[in-house]
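Engineer: For reference, the structure I am asking about is given below.
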Amino acid sequence: MASAHASTHTSKYAFITDAQFEVLLANGLRASEQEDFDPLPVLKLFTPDAGATWLLTSIDPEDHDVARGLADLGLGYPEIGPVRLSELAEVRGMLHLPIEQDLHFHPDMRLSAYARIAIRAGRIQA
């Protein structure tokens, strides 16, 4: 359940809707209380002109600039961990295009399952 202050937040990032921010924050609150929490990814981000992909699951309830998820920078070593949203907002590929959200992504597995498959394959395959 999201805290009262979360519902007044507006996402300042074009690649995350306010509704997605609310879910990410609720997941972050739950993860802070439940160590083995393994949510579905909330959204998939990618660089349209480079090989990077992120599946985000939560936002740190104490620092709304820190998200958590599975990152694949196109180097063959996808990993679960934190990422700063402000840094994602600055990422540009070869044609200087910003990160986009994959609007066709509909998660059907928990993050750990995506991570296992990605680590075996050397890239996110969602």
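In the structure tokens, the first chain shown is A, the next is B, and so on; residue numbers restart at 1 for each chain, and ligands run from 1 in the order shown.
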Please report, as a PyMOL selection string, each residue of chain A to which DSSP assigns strand (DSSP E) when run on this structure's backbone.
Structural biologist: chain A and resi 43-46+53-59+66-72+79-84+100-101
Engineer: Contacts of A:Phe15 at 10 Å or less, counting only C-alpha atoms, minus same-chain residues fewer than 5 places along, as a list of chain:residue names?
Structural biologist: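 Close residues of A:Phe15: A:Gln20, A:Leu43, A:Lys44, A:Leu45, A:Phe46, A:Leu85, A:Leu88, A:Ala89, A:Pro98, A:Ile99, A:Glu100, A:Gln101, A:Asp102.
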Engineer: Skip A:Ala67 itself and residues of its chain fewer than 2 positions away, then list as a compact mmCIF listing (two decimals) with N, CA and C atoms, in the first residue's frame all residues within 9 Å of it, counting only C-alpha atoms.
Structural biologist:
# COMPACT_ATOMS: atom_id res chain seq x y z
N LEU A 24 5.75 1.41 -8.68
CA LEU A 24 7.17 1.24 -8.36
C LEU A 24 7.44 1.59 -6.89
N LEU A 25 6.84 2.67 -6.42
CA LEU A 25 7.03 3.08 -5.04
C LEU A 25 6.40 2.08 -4.07
N GLY A 28 8.66 -0.71 -3.83
CA GLY A 28 9.83 -0.36 -3.02
C GLY A 28 9.52 -0.44 -1.54
N LEU A 56 12.34 -2.39 -14.77
CA LEU A 56 12.28 -1.78 -13.44
C LEU A 56 11.14 -2.37 -12.62
N THR A 57 11.42 -2.62 -11.32
CA THR A 57 10.44 -3.22 -10.43
C THR A 57 10.06 -2.32 -9.26
N SER A 58 10.95 -1.42 -8.83
CA SER A 58 10.65 -0.65 -7.63
C SER A 58 11.45 0.64 -7.59
N ILE A 59 10.99 1.54 -6.70
CA ILE A 59 11.70 2.79 -6.42
C ILE A 59 11.95 2.82 -4.92
N ASP A 60 13.14 3.26 -4.55
CA ASP A 60 13.51 3.38 -3.15
C ASP A 60 12.58 4.38 -2.47
N ASP A 63 14.67 7.44 -1.38
CA ASP A 63 15.34 8.21 -2.43
C ASP A 63 14.65 7.91 -3.76
N HIS A 64 13.73 8.75 -4.15
CA HIS A 64 12.91 8.51 -5.34
C HIS A 64 13.69 8.58 -6.65
N ASP A 65 14.97 8.86 -6.59
CA ASP A 65 15.81 8.85 -7.79
C ASP A 65 16.42 7.47 -8.02
N GLY A 69 16.01 -2.92 -10.52
CA GLY A 69 15.53 -3.81 -11.56
C GLY A 69 16.67 -4.55 -12.22
N GLY A 81 20.05 -4.79 -9.91
CA GLY A 81 20.65 -3.80 -9.01
C GLY A 81 19.96 -2.47 -9.13
N PRO A 82 20.52 -1.47 -8.45
CA PRO A 82 19.94 -0.13 -8.48
C PRO A 82 20.39 0.67 -9.70
N VAL A 83 19.58 1.64 -10.07
CA VAL A 83 19.93 2.57 -11.14
C VAL A 83 19.31 3.92 -10.80
N ARG A 84 20.04 4.97 -11.08
CA ARG A 84 19.53 6.32 -10.82
C ARG A 84 18.68 6.76 -12.02
N LEU A 85 17.46 7.16 -11.74
CA LEU A 85 16.56 7.62 -12.81
C LEU A 85 17.11 8.88 -13.47
Engineer: When you count only C-alpha atoms, which of these residues is closest to A:Gly51: A:Leu103, A:Leu29, A:Leu111, A:Met94?
Structural biologist: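 Using only C-alpha atoms, A:Gly51 sits closest to A:Met94.
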Engineer: Please report, as a VMD selection string, each residue of stretch 5-119 of chain A to which DSSP assigns alpha helix (DSSP H) when run on this structure's backbone.
Structural biologist: chain A and resid 18 to 33 85 to 90 111 to 119
